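Note sheet for the following structure.
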Amino acid sequence: MHNHHEHHHHEVNQLSWIFILSIILNLAFVIIEAGVGFWQDSLSLLSDAGHNLSDVLSLVLVLIGFGLAKVHSNEHYTYGYKKSTVLISLLNAIILLIAVGAIIVESIHKFQTPAEVNGAAISWTAGVGIIINGATALLLMRGQKHDLNVRGAFLHMVADTLVSIGVVISGIVIYHTGWYIIDPVISLVIAAVILVSTWDLLSDSLRLSLDGIPEGLDINHIQELLLNHEHVIGVHHIHVWAISTTENALTAHLVVDSLENEAEVKHSLKHRLADEGITHATLETETPQTVCDEHNCC
């Protein structure tokens with residue numbers, strides 16, 4: 001267990017540096033993209049810059065979450081501030097939804113009063129975005145498998161890369177055809193991509209905020225795992241929830257054949273649960289006679 005915590009601590013430190021580098025790269029691109037967007041009066045560039053700025057904020061919040069997750073427990077917060085990582089993922093999803101609304105409003109306005117834009121400038125600027133967003137996605141690819149916040153950041157970077165490709169295409173179309181209406185059209189496509197990529201993050205964050213079962217865990221499978229021990233003859237009062245975006249907890253009452261086997265049962269099952277991603281397990285053991293006495297079934 002000690003080695004597991006050391007490995008997790010090392011991964012968090014490594015991810016922190018990756019996030020710092022990603023923040024610097026993406027913030028620099030936001031400044032460039034917004035500058036060119038204002039200069040060329042391009043809604044697709046401005047909307048993408050706004051979305052990228054929200055991504056920078058999301059990266060900053062995740063970085064703050066890493067720091068809060070390291071805070072030790074105290075008399076008021078027995079799990080420390082680990083749950084803040086779940087709240088941050090929920091806040092990130094809300095920020096993205098607000099960004100989608102702003103893009104849609106501006107797109108409708110641009111449909112009513114389309115403006116001429118420089119297709120070449122749009123394409124070159126978005127091309128830089130493909131490189132930066134793509135590089136950031138690659139940096140986050142490994143960590144996204146084990147953390148909801150990192151997965152959210154990774155999915156946003158992938159979506160941004162695809163969006164930048166769309167903006168490049170719109171710039172080429174404008175340059176060759178002069179069809180300026182493509183600018184707000186691409187903006188609406190951007191909004192749709194953001195909405196789709198945000199939906200899973202929002203639903204997962206809401207579920208974890210309400211202490212729902214984390215994604216990837218099946219309560220029926222966990223019950224079977226507990227019942228599969230040779231000394232366990234019954235399981236009830238199972239509760240599974242997320243302490244943070246990376247740590248899960250469980251409490252359960254086990255009916256065992258004899259209290260003499262209590263220590264062996266707990267030790268064995270806690271190891272099995274750890275393999276399933278449940279690192280904090282509280283198991284209460286009972287005998288059939290105890291259960292009968294409680295429910296007056298004899």
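The chains in the structure tokens are called A, B, ... from first to last as shown; in each chain the residues are counted from 1, and the ligands are counted from 1 in the order shown.
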
For A:Leu59, list every protein, DNA or RNA residue within 12 Å, evaluated using only C-alpha atoms, and leave out those in the same chain fewer than 2 positions away; present the list as a PyMOL selection string. chain A and resi 15-27+52-57+61-66+88-89+91-92+136+140+149-154+156-157

May I have the residues from that selection written out with N, CA, C and O atoms, as a compact mmCIF listing (two decimals), in the first residue's frame?
# COMPACT_ATOMS: atom_id res chain seq x y z
N LEU A 15 2.33 14.89 -13.44
CA LEU A 15 1.19 15.53 -14.10
C LEU A 15 1.15 17.03 -13.82
O LEU A 15 0.77 17.81 -14.69
N SER A 16 1.56 17.44 -12.63
CA SER A 16 1.56 18.86 -12.29
C SER A 16 2.46 19.64 -13.24
O SER A 16 2.09 20.71 -13.73
N TRP A 17 3.64 19.10 -13.51
CA TRP A 17 4.57 19.77 -14.43
C TRP A 17 4.01 19.78 -15.84
O TRP A 17 4.18 20.75 -16.59
N ILE A 18 3.35 18.70 -16.22
CA ILE A 18 2.72 18.64 -17.55
C ILE A 18 1.64 19.70 -17.67
O ILE A 18 1.53 20.39 -18.69
N PHE A 19 0.84 19.87 -16.61
CA PHE A 19 -0.21 20.87 -16.62
C PHE A 19 0.36 22.29 -16.67
O PHE A 19 -0.18 23.17 -17.35
N ILE A 20 1.44 22.54 -15.94
CA ILE A 20 2.08 23.86 -15.96
C ILE A 20 2.54 24.20 -17.37
O ILE A 20 2.31 25.31 -17.88
N LEU A 21 3.21 23.24 -18.03
CA LEU A 21 3.68 23.45 -19.40
C LEU A 21 2.50 23.66 -20.34
O LEU A 21 2.52 24.56 -21.20
N SER A 22 1.44 22.88 -20.15
CA SER A 22 0.24 23.00 -21.00
C SER A 22 -0.42 24.37 -20.83
O SER A 22 -0.88 24.97 -21.80
N ILE A 23 -0.46 24.86 -19.59
CA ILE A 23 -1.05 26.17 -19.31
C ILE A 23 -0.28 27.27 -20.03
O ILE A 23 -0.86 28.16 -20.66
N ILE A 24 1.05 27.22 -19.96
CA ILE A 24 1.89 28.24 -20.60
C ILE A 24 1.68 28.22 -22.12
O ILE A 24 1.48 29.28 -22.74
N LEU A 25 1.71 27.04 -22.72
CA LEU A 25 1.54 26.92 -24.17
C LEU A 25 0.18 27.42 -24.63
O LEU A 25 0.06 28.20 -25.58
N ASN A 26 -0.87 26.98 -23.93
CA ASN A 26 -2.23 27.34 -24.34
C ASN A 26 -2.56 28.80 -24.08
O ASN A 26 -3.30 29.42 -24.84
N LEU A 27 -2.01 29.37 -23.00
CA LEU A 27 -2.23 30.79 -22.73
C LEU A 27 -1.58 31.66 -23.81
O LEU A 27 -2.15 32.66 -24.25
N ASN A 52 -10.56 28.26 -25.73
CA ASN A 52 -9.21 27.90 -25.28
C ASN A 52 -8.87 28.57 -23.96
O ASN A 52 -8.16 28.01 -23.13
N LEU A 53 -9.39 29.80 -23.75
CA LEU A 53 -9.17 30.47 -22.48
C LEU A 53 -9.87 29.71 -21.35
O LEU A 53 -9.34 29.59 -20.26
N SER A 54 -11.08 29.21 -21.63
CA SER A 54 -11.78 28.41 -20.62
C SER A 54 -11.02 27.12 -20.34
O SER A 54 -11.02 26.61 -19.21
N ASP A 55 -10.35 26.59 -21.38
CA ASP A 55 -9.52 25.39 -21.18
C ASP A 55 -8.32 25.70 -20.29
O ASP A 55 -7.92 24.88 -19.46
N VAL A 56 -7.73 26.89 -20.50
CA VAL A 56 -6.60 27.30 -19.65
C VAL A 56 -7.07 27.39 -18.20
O VAL A 56 -6.39 26.91 -17.28
N LEU A 57 -8.24 27.99 -17.99
CA LEU A 57 -8.81 28.08 -16.64
C LEU A 57 -9.05 26.68 -16.07
O LEU A 57 -8.79 26.42 -14.89
N LEU A 61 -7.48 25.09 -12.70
CA LEU A 61 -8.30 24.52 -11.63
C LEU A 61 -7.88 23.10 -11.29
O LEU A 61 -7.84 22.71 -10.11
N VAL A 62 -7.55 22.31 -12.33
CA VAL A 62 -7.10 20.93 -12.08
C VAL A 62 -5.79 20.95 -11.29
O VAL A 62 -5.58 20.16 -10.37
N LEU A 63 -4.90 21.88 -11.66
CA LEU A 63 -3.63 22.02 -10.96
C LEU A 63 -3.86 22.38 -9.49
O LEU A 63 -3.20 21.84 -8.59
N ILE A 64 -4.82 23.27 -9.24
CA ILE A 64 -5.19 23.62 -7.86
C ILE A 64 -5.75 22.39 -7.14
O ILE A 64 -5.45 22.14 -5.96
N GLY A 65 -6.55 21.60 -7.88
CA GLY A 65 -7.11 20.37 -7.31
C GLY A 65 -6.04 19.39 -6.87
O GLY A 65 -6.17 18.74 -5.82
N PHE A 66 -4.96 19.27 -7.67
CA PHE A 66 -3.84 18.40 -7.29
C PHE A 66 -3.26 18.83 -5.94
O PHE A 66 -2.93 18.00 -5.09
N ILE A 88 -14.18 20.46 -8.79
CA ILE A 88 -13.46 21.17 -9.85
C ILE A 88 -13.87 20.63 -11.22
O ILE A 88 -14.07 21.39 -12.17
N SER A 89 -14.01 19.32 -11.33
CA SER A 89 -14.45 18.75 -12.61
C SER A 89 -15.86 19.21 -12.96
O SER A 89 -16.17 19.48 -14.13
N LEU A 91 -17.20 22.12 -11.94
CA LEU A 91 -17.06 23.53 -12.28
C LEU A 91 -16.54 23.69 -13.70
O LEU A 91 -17.00 24.56 -14.45
N ASN A 92 -15.58 22.85 -14.08
CA ASN A 92 -15.04 22.90 -15.45
C ASN A 92 -16.13 22.64 -16.48
O ASN A 92 -16.20 23.30 -17.53
N THR A 136 -0.52 19.17 -26.45
CA THR A 136 -1.06 19.10 -25.09
C THR A 136 -1.84 17.80 -24.88
O THR A 136 -1.73 17.16 -23.83
N LEU A 140 -1.18 14.69 -22.11
CA LEU A 140 -2.18 14.25 -21.14
C LEU A 140 -2.71 12.84 -21.40
O LEU A 140 -3.47 12.31 -20.59
N ASN A 149 -10.51 14.37 -13.94
CA ASN A 149 -10.10 15.72 -14.32
C ASN A 149 -9.11 15.71 -15.48
O ASN A 149 -9.21 16.51 -16.41
N VAL A 150 -8.16 14.79 -15.42
CA VAL A 150 -7.18 14.70 -16.51
C VAL A 150 -7.87 14.22 -17.79
O VAL A 150 -7.57 14.70 -18.88
N ARG A 151 -8.83 13.30 -17.64
CA ARG A 151 -9.58 12.83 -18.81
C ARG A 151 -10.37 13.98 -19.44
O ARG A 151 -10.44 14.11 -20.66
N GLY A 152 -10.96 14.81 -18.58
CA GLY A 152 -11.69 15.96 -19.09
C GLY A 152 -10.79 16.89 -19.86
O GLY A 152 -11.13 17.35 -20.96
N ALA A 153 -9.60 17.18 -19.30
CA ALA A 153 -8.64 18.06 -19.98
C ALA A 153 -8.18 17.45 -21.29
O ALA A 153 -8.06 18.14 -22.32
N PHE A 154 -7.92 16.13 -21.28
CA PHE A 154 -7.48 15.45 -22.50
C PHE A 154 -8.55 15.52 -23.59
O PHE A 154 -8.25 15.85 -24.75
N HIS A 156 -10.90 17.72 -23.95
CA HIS A 156 -11.03 19.09 -24.43
C HIS A 156 -9.91 19.42 -25.42
O HIS A 156 -10.13 20.10 -26.42
N MET A 157 -8.71 18.95 -25.13
CA MET A 157 -7.59 19.22 -26.03
C MET A 157 -7.77 18.51 -27.37
O MET A 157 -7.45 19.06 -28.42

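Note that atom CA of A:Asp204 and atom CA of A:Gly129 are 28.0 Å apart.
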
Can you tell me, as a ChimeraX atom specification, what residues are no more than 9 Å from stretch 185-200 of chain A when counting only C-alpha atoms, ignoring any on the same chain fewer than 6 positions away? /A:43-45,47-48,51,92-94,96-97,99-101,103-104,106-108,111,152,155-156,159-160,162-164,166-167,170

Stretch 39-254 of chain A: residues DSSP assigns to alpha helix (DSSP H), reported as a VMD selection string: chain A and resid 39 to 40 43 to 69 84 to 112 119 to 140 148 to 177 182 to 209 219 to 227

Just the number, please: distance in Å from atom CA of A:Ala120 to atom CA of A:Phe29, one decimal. 17.4 Å

Which residues are close to A:Trp241, i.e. within 7 Å by only C-alpha atoms, leaving aside same-chain residues fewer than 5 positions away? Reply as a ChimeraX atom specification. /A:211-214,248-250
